[in-house]
>>> print(open('entry_13.pdb').read())   # PDB, N, CA and C atoms
ATOM      1  N   MET A   1    -104.525-133.682 126.079
ATOM      2  CA  MET A   1    -105.094-134.912 125.555
ATOM      3  C   MET A   1    -104.954-134.891 124.042
ATOM      4  N   SER A   2    -104.378-135.923 123.479
ATOM      5  CA  SER A   2    -104.250-135.999 122.025
ATOM      6  C   SER A   2    -105.601-136.309 121.420
ATOM      7  N   SER A   3    -105.745-136.019 120.131
ATOM      8  CA  SER A   3    -107.021-136.259 119.464
ATOM      9  C   SER A   3    -107.329-137.749 119.368
ATOM     10  N   LEU A   4    -106.316-138.606 119.571
ATOM     11  CA  LEU A   4    -106.528-140.049 119.500
ATOM     12  C   LEU A   4    -106.900-140.658 120.853
ATOM     13  N   GLU A   5    -106.707-139.881 121.937
ATOM     14  CA  GLU A   5    -106.991-140.408 123.268
ATOM     15  C   GLU A   5    -108.479-140.280 123.576
ATOM     16  N   ILE A   6    -109.076-141.377 123.967
ATOM     17  CA  ILE A   6    -110.502-141.387 124.293
ATOM     18  C   ILE A   6    -110.659-141.226 125.798
ATOM     19  N   THR A   7    -111.685-140.517 126.215
ATOM     20  CA  THR A   7    -111.919-140.321 127.638
ATOM     21  C   THR A   7    -112.783-141.449 128.194
ATOM     22  N   GLU A   8    -112.730-141.601 129.499
ATOM     23  CA  GLU A   8    -113.575-142.600 130.148
ATOM     24  C   GLU A   8    -115.052-142.291 129.907
ATOM     25  N   SER A   9    -115.386-141.021 129.941
ATOM     26  CA  SER A   9    -116.772-140.611 129.691
ATOM     27  C   SER A   9    -117.233-141.019 128.292
ATOM     28  N   GLN A  10    -116.356-140.910 127.321
ATOM     29  CA  GLN A  10    -116.691-141.327 125.951
ATOM     30  C   GLN A  10    -116.885-142.842 125.875
ATOM     31  N   ILE A  11    -116.065-143.586 126.611
ATOM     32  CA  ILE A  11    -116.212-145.051 126.628
ATOM     33  C   ILE A  11    -117.558-145.420 127.256
ATOM     34  N   VAL A  12    -117.890-144.785 128.387
ATOM     35  CA  VAL A  12    -119.167-145.045 129.053
ATOM     36  C   VAL A  12    -120.321-144.747 128.097
ATOM     37  N   SER A  13    -120.265-143.593 127.433
ATOM     38  CA  SER A  13    -121.336-143.208 126.504
ATOM     39  C   SER A  13    -121.484-144.213 125.371
ATOM     40  N   SER A  14    -120.365-144.669 124.817
ATOM     41  CA  SER A  14    -120.446-145.620 123.705
ATOM     42  C   SER A  14    -121.022-146.962 124.169
ATOM     43  N   ILE A  15    -120.664-147.400 125.365
ATOM     44  CA  ILE A  15    -121.216-148.647 125.898
ATOM     45  C   ILE A  15    -122.718-148.489 126.142
ATOM     46  N   CYS A  16    -123.123-147.352 126.688
ATOM     47  CA  CYS A  16    -124.553-147.102 126.909
ATOM     48  C   CYS A  16    -125.316-147.089 125.588
ATOM     49  N   GLU A  17    -124.760-146.469 124.568
ATOM     50  CA  GLU A  17    -125.407-146.468 123.249
ATOM     51  C   GLU A  17    -125.557-147.893 122.723
ATOM     52  N   TYR A  18    -124.529-148.697 122.905
ATOM     53  CA  TYR A  18    -124.566-150.091 122.471
ATOM     54  C   TYR A  18    -125.656-150.865 123.229
ATOM     55  N   LEU A  19    -125.688-150.732 124.557
ATOM     56  CA  LEU A  19    -126.679-151.442 125.360
ATOM     57  C   LEU A  19    -128.103-150.992 125.008
ATOM     58  N   HIS A  20    -128.261-149.701 124.755
ATOM     59  CA  HIS A  20    -129.571-149.184 124.340
ATOM     60  C   HIS A  20    -129.986-149.804 123.009
ATOM     61  N   TYR A  21    -129.073-149.823 122.076
ATOM     62  CA  TYR A  21    -129.340-150.415 120.755
ATOM     63  C   TYR A  21    -129.749-151.878 120.879
ATOM     64  N   LYS A  22    -129.090-152.606 121.802
ATOM     65  CA  LYS A  22    -129.379-154.030 121.993
ATOM     66  C   LYS A  22    -130.644-154.268 122.825
ATOM     67  N   GLY A  23    -131.213-153.215 123.409
ATOM     68  CA  GLY A  23    -132.477-153.328 124.126
ATOM     69  C   GLY A  23    -132.374-153.744 125.585
ATOM     70  N   TYR A  24    -131.224-153.564 126.201
ATOM     71  CA  TYR A  24    -131.064-153.926 127.611
ATOM     72  C   TYR A  24    -131.730-152.903 128.521
ATOM     73  N   PHE A  25    -132.185-153.357 129.688
ATOM     74  CA  PHE A  25    -132.677-152.469 130.739
ATOM     75  C   PHE A  25    -131.464-152.117 131.590
ATOM     76  N   PHE A  26    -131.030-150.870 131.517
ATOM     77  CA  PHE A  26    -129.809-150.449 132.202
ATOM     78  C   PHE A  26    -129.901-148.958 132.506
ATOM     79  N   TRP A  27    -128.982-148.479 133.297
ATOM     80  CA  TRP A  27    -128.832-147.046 133.504
ATOM     81  C   TRP A  27    -127.393-146.720 133.842
ATOM     82  N   ARG A  28    -127.074-145.466 133.597
ATOM     83  CA  ARG A  28    -125.759-144.914 133.922
ATOM     84  C   ARG A  28    -125.850-144.385 135.330
ATOM     85  N   GLN A  29    -125.040-144.908 136.220
ATOM     86  CA  GLN A  29    -125.089-144.502 137.622
ATOM     87  C   GLN A  29    -124.046-143.422 137.871
ATOM     88  N   ASN A  30    -124.494-142.218 138.156
ATOM     89  CA  ASN A  30    -123.572-141.128 138.444
ATOM     90  C   ASN A  30    -123.392-141.020 139.947
ATOM     91  N   THR A  31    -122.176-141.198 140.412
ATOM     92  CA  THR A  31    -121.899-141.090 141.846
ATOM     93  C   THR A  31    -120.966-139.923 142.158
ATOM     94  N   THR A  32    -120.781-139.045 141.185
ATOM     95  CA  THR A  32    -119.932-137.876 141.388
ATOM     96  C   THR A  32    -120.807-136.687 141.751
ATOM     97  N   PRO A  33    -120.501-135.992 142.832
ATOM     98  CA  PRO A  33    -121.299-134.815 143.174
ATOM     99  C   PRO A  33    -121.298-133.802 142.028
ATOM    100  N   ILE A  34    -122.404-133.106 141.883
ATOM    101  CA  ILE A  34    -122.557-132.112 140.815
ATOM    102  C   ILE A  34    -122.132-130.748 141.327
ATOM    103  N   PHE A  35    -121.389-130.015 140.496
ATOM    104  CA  PHE A  35    -120.912-128.694 140.873
ATOM    105  C   PHE A  35    -122.027-127.677 140.699
ATOM    106  N   ASN A  36    -122.322-126.898 141.749
ATOM    107  CA  ASN A  36    -123.328-125.842 141.718
ATOM    108  C   ASN A  36    -122.619-124.537 141.383
ATOM    109  N   GLN A  37    -122.883-124.000 140.191
ATOM    110  CA  GLN A  37    -122.196-122.782 139.731
ATOM    111  C   GLN A  37    -122.498-121.580 140.629
ATOM    112  N   GLU A  38    -123.749-121.441 141.064
ATOM    113  CA  GLU A  38    -124.129-120.292 141.893
ATOM    114  C   GLU A  38    -123.399-120.290 143.230
ATOM    115  N   ARG A  39    -123.343-121.442 143.867
ATOM    116  CA  ARG A  39    -122.691-121.547 145.177
ATOM    117  C   ARG A  39    -121.198-121.812 145.071
ATOM    118  N   ARG A  40    -120.749-122.139 143.861
ATOM    119  CA  ARG A  40    -119.352-122.444 143.602
ATOM    120  C   ARG A  40    -118.848-123.560 144.525
ATOM    121  N   SER A  41    -119.685-124.592 144.642
ATOM    122  CA  SER A  41    -119.322-125.743 145.465
ATOM    123  C   SER A  41    -120.032-126.975 144.916
ATOM    124  N   TYR A  42    -119.596-128.130 145.388
ATOM    125  CA  TYR A  42    -120.222-129.379 144.983
ATOM    126  C   TYR A  42    -121.426-129.663 145.868
ATOM    127  N   ARG A  43    -122.483-130.158 145.242
ATOM    128  CA  ARG A  43    -123.668-130.577 145.975
ATOM    129  C   ARG A  43    -123.337-131.889 146.682
ATOM    130  N   ALA A  44    -123.758-132.010 147.900
ATOM    131  CA  ALA A  44    -123.503-133.244 148.653
ATOM    132  C   ALA A  44    -124.297-134.391 148.037
ATOM    133  N   MET A  45    -123.737-135.575 148.102
ATOM    134  CA  MET A  45    -124.454-136.756 147.644
ATOM    135  C   MET A  45    -125.580-137.049 148.642
ATOM    136  N   PRO A  46    -126.665-137.625 148.154
ATOM    137  CA  PRO A  46    -127.778-137.937 149.059
ATOM    138  C   PRO A  46    -127.350-138.904 150.162
ATOM    139  N   LYS A  47    -128.038-138.789 151.283
ATOM    140  CA  LYS A  47    -127.787-139.679 152.410
ATOM    141  C   LYS A  47    -127.960-141.120 151.944
ATOM    142  N   TYR A  48    -127.114-141.997 152.399
ATOM    143  CA  TYR A  48    -127.095-143.427 152.074
ATOM    144  C   TYR A  48    -126.624-143.724 150.654
ATOM    145  N   SER A  49    -126.053-142.751 149.971
ATOM    146  CA  SER A  49    -125.439-143.053 148.671
ATOM    147  C   SER A  49    -124.283-144.002 148.916
ATOM    148  N   LYS A  50    -124.083-144.927 147.994
ATOM    149  CA  LYS A  50    -123.000-145.895 148.105
ATOM    150  C   LYS A  50    -121.807-145.412 147.301
ATOM    151  N   LYS A  51    -120.627-145.509 147.872
ATOM    152  CA  LYS A  51    -119.406-145.234 147.131
ATOM    153  C   LYS A  51    -119.015-146.506 146.395
ATOM    154  N   GLY A  52    -118.390-146.344 145.238
ATOM    155  CA  GLY A  52    -117.884-147.495 144.500
ATOM    156  C   GLY A  52    -118.897-148.167 143.597
ATOM    157  N   VAL A  53    -120.088-147.575 143.465
ATOM    158  CA  VAL A  53    -121.115-148.152 142.594
ATOM    159  C   VAL A  53    -120.592-148.136 141.155
ATOM    160  N   PRO A  54    -120.808-149.225 140.401
ATOM    161  CA  PRO A  54    -120.300-149.262 139.027
ATOM    162  C   PRO A  54    -120.954-148.207 138.131
ATOM    163  N   ASP A  55    -120.262-147.863 137.063
ATOM    164  CA  ASP A  55    -120.724-146.819 136.143
ATOM    165  C   ASP A  55    -122.048-147.160 135.470
ATOM    166  N   ILE A  56    -122.213-148.419 135.109
ATOM    167  CA  ILE A  56    -123.408-148.851 134.383
ATOM    168  C   ILE A  56    -124.006-150.045 135.120
ATOM    169  N   ILE A  57    -125.305-149.984 135.348
ATOM    170  CA  ILE A  57    -126.011-151.080 136.006
ATOM    171  C   ILE A  57    -127.022-151.651 135.023
ATOM    172  N   ILE A  58    -126.987-152.971 134.875
ATOM    173  CA  ILE A  58    -127.900-153.684 133.983
ATOM    174  C   ILE A  58    -128.696-154.666 134.849
ATOM    175  N   ILE A  59    -129.983-154.773 134.585
ATOM    176  CA  ILE A  59    -130.808-155.778 135.246
ATOM    177  C   ILE A  59    -131.213-156.784 134.173
ATOM    178  N   ILE A  60    -130.822-158.039 134.388
ATOM    179  CA  ILE A  60    -131.138-159.114 133.436
ATOM    180  C   ILE A  60    -131.769-160.260 134.219
ATOM    181  N   GLY A  61    -133.004-160.561 133.909
ATOM    182  CA  GLY A  61    -133.683-161.656 134.595
ATOM    183  C   GLY A  61    -133.715-161.469 136.099
ATOM    184  N   GLY A  62    -133.830-160.212 136.544
ATOM    185  CA  GLY A  62    -133.858-159.922 137.970
ATOM    186  C   GLY A  62    -132.495-159.909 138.629
ATOM    187  N   MET A  63    -131.434-160.106 137.845
ATOM    188  CA  MET A  63    -130.080-160.118 138.395
ATOM    189  C   MET A  63    -129.375-158.787 138.146
ATOM    190  N   PHE A  64    -128.597-158.373 139.121
ATOM    191  CA  PHE A  64    -127.774-157.170 139.039
ATOM    192  C   PHE A  64    -126.505-157.478 138.263
ATOM    193  N   VAL A  65    -126.184-156.627 137.299
ATOM    194  CA  VAL A  65    -124.907-156.712 136.595
ATOM    195  C   VAL A  65    -124.286-155.315 136.630
ATOM    196  N   GLY A  66    -123.077-155.220 137.135
ATOM    197  CA  GLY A  66    -122.383-153.942 137.195
ATOM    198  C   GLY A  66    -121.221-153.904 136.227
ATOM    199  N   LEU A  67    -121.137-152.812 135.473
ATOM    200  CA  LEU A  67    -120.004-152.588 134.572
ATOM    201  C   LEU A  67    -119.251-151.357 135.058
ATOM    202  N   GLU A  68    -118.043-151.550 135.516
ATOM    203  CA  GLU A  68    -117.180-150.437 135.893
ATOM    204  C   GLU A  68    -116.259-150.165 134.715
ATOM    205  N   VAL A  69    -116.304-148.953 134.194
ATOM    206  CA  VAL A  69    -115.556-148.583 132.997
ATOM    207  C   VAL A  69    -114.271-147.861 133.407
ATOM    208  N   LYS A  70    -113.168-148.331 132.862
ATOM    209  CA  LYS A  70    -111.867-147.706 133.099
ATOM    210  C   LYS A  70    -111.093-147.628 131.796
ATOM    211  N   LYS A  71    -110.283-146.598 131.692
ATOM    212  CA  LYS A  71    -109.361-146.511 130.561
ATOM    213  C   LYS A  71    -108.242-147.526 130.761
ATOM    214  N   PRO A  72    -107.578-147.925 129.689
ATOM    215  CA  PRO A  72    -106.435-148.838 129.838
ATOM    216  C   PRO A  72    -105.417-148.276 130.837
ATOM    217  N   GLY A  73    -104.936-149.143 131.705
ATOM    218  CA  GLY A  73    -103.953-148.734 132.708
ATOM    219  C   GLY A  73    -104.571-148.270 134.013
ATOM    220  N   GLN A  74    -105.895-148.093 134.040
ATOM    221  CA  GLN A  74    -106.579-147.700 135.276
ATOM    222  C   GLN A  74    -107.275-148.922 135.868
ATOM    223  N   TYR A  75    -107.399-148.922 137.195
ATOM    224  CA  TYR A  75    -107.963-150.073 137.884
ATOM    225  C   TYR A  75    -108.977-149.625 138.918
ATOM    226  N   LEU A  76    -109.654-150.574 139.539
ATOM    227  CA  LEU A  76    -110.677-150.270 140.531
ATOM    228  C   LEU A  76    -110.083-149.497 141.704
ATOM    229  N   THR A  77    -110.857-148.536 142.204
ATOM    230  CA  THR A  77    -110.462-147.777 143.390
ATOM    231  C   THR A  77    -110.764-148.629 144.626
ATOM    232  N   PRO A  78    -110.238-148.251 145.785
ATOM    233  CA  PRO A  78    -110.579-148.990 147.009
ATOM    234  C   PRO A  78    -112.097-149.064 147.246
ATOM    235  N   ASP A  79    -112.829-147.970 147.011
ATOM    236  CA  ASP A  79    -114.286-147.995 147.186
ATOM    237  C   ASP A  79    -114.951-148.965 146.216
ATOM    238  N   GLN A  80    -114.454-149.027 144.989
ATOM    239  CA  GLN A  80    -115.015-149.946 144.002
ATOM    240  C   GLN A  80    -114.712-151.400 144.369
ATOM    241  N   ARG A  81    -113.512-151.655 144.861
ATOM    242  CA  ARG A  81    -113.176-153.013 145.304
ATOM    243  C   ARG A  81    -114.050-153.430 146.489
ATOM    244  N   LEU A  82    -114.317-152.477 147.398
ATOM    245  CA  LEU A  82    -115.175-152.768 148.539
ATOM    246  C   LEU A  82    -116.612-153.043 148.088
ATOM    247  N   PHE A  83    -117.108-152.265 147.133
ATOM    248  CA  PHE A  83    -118.460-152.505 146.612
ATOM    249  C   PHE A  83    -118.539-153.893 145.985
ATOM    250  N   LYS A  84    -117.522-154.244 145.202
ATOM    251  CA  LYS A  84    -117.483-155.568 144.576
ATOM    252  C   LYS A  84    -117.430-156.663 145.640
ATOM    253  N   ALA A  85    -116.657-156.450 146.684
ATOM    254  CA  ALA A  85    -116.568-157.434 147.777
ATOM    255  C   ALA A  85    -117.917-157.584 148.476
ATOM    256  N   ASP A  86    -118.633-156.478 148.660
ATOM    257  CA  ASP A  86    -119.967-156.547 149.261
ATOM    258  C   ASP A  86    -120.899-157.369 148.384
ATOM    259  N   LEU A  87    -120.815-157.190 147.063
ATOM    260  CA  LEU A  87    -121.625-157.999 146.151
ATOM    261  C   LEU A  87    -121.247-159.470 146.269
ATOM    262  N   SER A  88    -119.971-159.740 146.391
ATOM    263  CA  SER A  88    -119.499-161.118 146.523
ATOM    264  C   SER A  88    -120.081-161.755 147.785
ATOM    265  N   ARG A  89    -120.076-160.988 148.854
ATOM    266  CA  ARG A  89    -120.625-161.471 150.127
ATOM    267  C   ARG A  89    -122.105-161.824 149.962
ATOM    268  N   LEU A  90    -122.791-161.117 149.060
ATOM    269  CA  LEU A  90    -124.214-161.368 148.806
ATOM    270  C   LEU A  90    -124.429-162.387 147.693
ATOM    271  N   GLY A  91    -123.324-162.893 147.117
ATOM    272  CA  GLY A  91    -123.427-163.910 146.078
ATOM    273  C   GLY A  91    -123.552-163.369 144.671
ATOM    274  N   SER A  92    -123.175-162.104 144.449
ATOM    275  CA  SER A  92    -123.339-161.501 143.123
ATOM    276  C   SER A  92    -122.031-161.054 142.481
ATOM    277  N   CYS A  93    -120.894-161.433 143.033
ATOM    278  CA  CYS A  93    -119.609-160.926 142.543
ATOM    279  C   CYS A  93    -119.357-161.269 141.083
ATOM    280  N   ASP A  94    -119.873-162.394 140.620
ATOM    281  CA  ASP A  94    -119.614-162.791 139.244
ATOM    282  C   ASP A  94    -120.344-161.904 138.243
ATOM    283  N   ARG A  95    -121.075-160.941 138.714
ATOM    284  CA  ARG A  95    -121.810-160.042 137.830
ATOM    285  C   ARG A  95    -121.319-158.602 137.959
ATOM    286  N   TYR A  96    -120.070-158.413 138.323
ATOM    287  CA  TYR A  96    -119.439-157.099 138.417
ATOM    288  C   TYR A  96    -118.180-157.167 137.563
ATOM    289  N   TYR A  97    -118.159-156.370 136.508
ATOM    290  CA  TYR A  97    -117.071-156.481 135.545
ATOM    291  C   TYR A  97    -116.347-155.154 135.351
ATOM    292  N   LEU A  98    -115.043-155.233 135.204
ATOM    293  CA  LEU A  98    -114.218-154.107 134.788
ATOM    294  C   LEU A  98    -114.115-154.188 133.269
ATOM    295  N   VAL A  99    -114.595-153.152 132.578
ATOM    296  CA  VAL A  99    -114.557-153.142 131.116
ATOM    297  C   VAL A  99    -113.867-151.866 130.640
ATOM    298  N   ARG A 100    -113.268-151.966 129.453
ATOM    299  CA  ARG A 100    -112.525-150.833 128.896
ATOM    300  C   ARG A 100    -113.021-150.421 127.515
ATOM    301  N   SER A 101    -114.011-151.183 126.974
ATOM    302  CA  SER A 101    -114.487-150.902 125.614
ATOM    303  C   SER A 101    -115.778-151.661 125.343
ATOM    304  N   ILE A 102    -116.424-151.315 124.240
ATOM    305  CA  ILE A 102    -117.583-152.080 123.783
ATOM    306  C   ILE A 102    -117.166-153.526 123.504
ATOM    307  N   ASP A 103    -115.986-153.716 122.963
ATOM    308  CA  ASP A 103    -115.495-155.074 122.710
ATOM    309  C   ASP A 103    -115.498-155.917 123.981
ATOM    310  N   ASP A 104    -115.064-155.338 125.106
ATOM    311  CA  ASP A 104    -115.085-156.068 126.375
ATOM    312  C   ASP A 104    -116.513-156.466 126.748
ATOM    313  N   VAL A 105    -117.449-155.555 126.540
ATOM    314  CA  VAL A 105    -118.862-155.818 126.849
ATOM    315  C   VAL A 105    -119.392-156.928 125.959
ATOM    316  N   MET A 106    -119.041-156.896 124.701
ATOM    317  CA  MET A 106    -119.478-157.935 123.758
ATOM    318  C   MET A 106    -118.884-159.295 124.132
ATOM    319  N   LYS A 107    -117.630-159.309 124.576
ATOM    320  CA  LYS A 107    -116.993-160.574 124.991
ATOM    321  C   LYS A 107    -117.688-161.197 126.196
ATOM    322  N   LEU A 108    -118.367-160.363 127.002
ATOM    323  CA  LEU A 108    -119.116-160.860 128.147
ATOM    324  C   LEU A 108    -120.466-161.443 127.743
ATOM    325  N   GLY A 109    -120.812-161.293 126.470
ATOM    326  CA  GLY A 109    -122.061-161.868 125.969
ATOM    327  C   GLY A 109    -123.211-160.897 125.851
ATOM    328  N   PHE A 110    -122.938-159.618 125.989
ATOM    329  CA  PHE A 110    -124.001-158.621 125.851
ATOM    330  C   PHE A 110    -124.139-158.170 124.419
TER
END
>>> encode(input="entry_13.pdb", output="structure tokens")
Amino acid sequence: MSSLEITESQIVSSICEYLHYKGYFFWRQNTTPIFNQERRSYRAMPKYSKKGVPDIIIIIGGMFVGLEVKKPGQYLTPDQRLFKADLSRLGSCDRYYLVRSIDDVMKLGF
């Protein structure tokens, strides 16, 4: 990785810092199993965990807003597309966004 290349984790962190500064009610949703050093294996995700949940979830006026963060050139995974489709079926698809930077978040009006 060159010193100029930013990681997805860094983009997520910068967006979270921005949302915190702006006073939004949000959280970073981690859906990746955590590696247990002692057992040298990944901890299983809890029962009923959803695959494809967006990286950042914001609640505004009781509405769900999902921000899926990707680096340029990366796109939604099949699980993420399915999660978005499920939201659409429930009438919330317009509140699930693919973002690549703080600028993208600002363009959405946050």
>>> closest_residue(input="entry_13.pdb", among="A:Ile11, A:Tyr97, A:Ile6, A:Pro78", to="Pro54 of chain A", atoms="all atoms listed in the file")
A:Tyr97
>>> resolve_selection(input="entry_13.pdb", expression="the PyMOL selection byres ((chain A and resi 27) around 5)", output="ChimeraX atom specification")
/A:25-26,28-29,56-57
>>> axis_aligned_box(input="entry_13.pdb", around="segment 93-107 of chain A", padding_each_side="3 Å", output="AutoDock Vina command-line options")
--center_x -117.2 --center_y -156.6 --center_z 132.9 --size_x 15.3 --size_y 18.4 --size_z 26.3
>>> atom_distance(input="entry_13.pdb", atom1="atom N of Pro46 of chain A", atom2="atom C of Gln80 of chain A")
18.6 Å
>>> select_by_dssp(input="entry_13.pdb", residues="chain A", states="strand (DSSP E)", output="ChimeraX atom specification")
/A:26-28,35-36,41-42,56-60,63-69,96-99
>>> atom_distance(input="entry_13.pdb", atom1="atom C of Arg39 of chain A", atom2="atom N of Asp55 of chain A")
27.3 Å
>>> atom_distance(input="entry_13.pdb", atom1="atom CA of Asp79 of chain A", atom2="atom CA of Gly52 of chain A")
4.5 Å
>>> resolve_selection(input="entry_13.pdb", expression="the PyMOL selection byres (((chain A and resi 8 and name CA) around 8) and name CA)", output="ChimeraX atom specification")
/A:6-7,9-12,69-71
>>> residues_near_point(input="entry_13.pdb", point="(-119.3, -158.9, 138.5)", cutoff="8 Å", atoms="all atoms listed in the file", output="CSV table (one decimal) with N, CA and C atoms, keeping the file's coordinate frame")
chain,number,residue,atom,x,y,z
A,64,PHE,N,-128.6,-158.4,139.1
A,64,PHE,CA,-127.8,-157.2,139.0
A,64,PHE,C,-126.5,-157.5,138.3
A,65,VAL,N,-126.2,-156.6,137.3
A,65,VAL,CA,-124.9,-156.7,136.6
A,65,VAL,C,-124.3,-155.3,136.6
A,66,GLY,N,-123.1,-155.2,137.1
A,66,GLY,CA,-122.4,-153.9,137.2
A,66,GLY,C,-121.2,-153.9,136.2
A,67,LEU,N,-121.1,-152.8,135.5
A,67,LEU,CA,-120.0,-152.6,134.6
A,67,LEU,C,-119.3,-151.4,135.1
A,84,LYS,N,-117.5,-154.2,145.2
A,84,LYS,CA,-117.5,-155.6,144.6
A,84,LYS,C,-117.4,-156.7,145.6
A,88,SER,N,-120.0,-159.7,146.4
A,88,SER,CA,-119.5,-161.1,146.5
A,88,SER,C,-120.1,-161.8,147.8
A,92,SER,N,-123.2,-162.1,144.4
A,92,SER,CA,-123.3,-161.5,143.1
A,92,SER,C,-122.0,-161.1,142.5
A,93,CYS,N,-120.9,-161.4,143.0
A,93,CYS,CA,-119.6,-160.9,142.5
A,93,CYS,C,-119.4,-161.3,141.1
A,94,ASP,N,-119.9,-162.4,140.6
A,94,ASP,CA,-119.6,-162.8,139.2
A,94,ASP,C,-120.3,-161.9,138.2
A,95,ARG,N,-121.1,-160.9,138.7
A,95,ARG,CA,-121.8,-160.0,137.8
A,95,ARG,C,-121.3,-158.6,138.0
A,96,TYR,N,-120.1,-158.4,138.3
A,96,TYR,CA,-119.4,-157.1,138.4
A,96,TYR,C,-118.2,-157.2,137.6
A,97,TYR,N,-118.2,-156.4,136.5
A,97,TYR,CA,-117.1,-156.5,135.5
A,97,TYR,C,-116.3,-155.2,135.4
A,98,LEU,N,-115.0,-155.2,135.2
A,98,LEU,CA,-114.2,-154.1,134.8
A,98,LEU,C,-114.1,-154.2,133.3
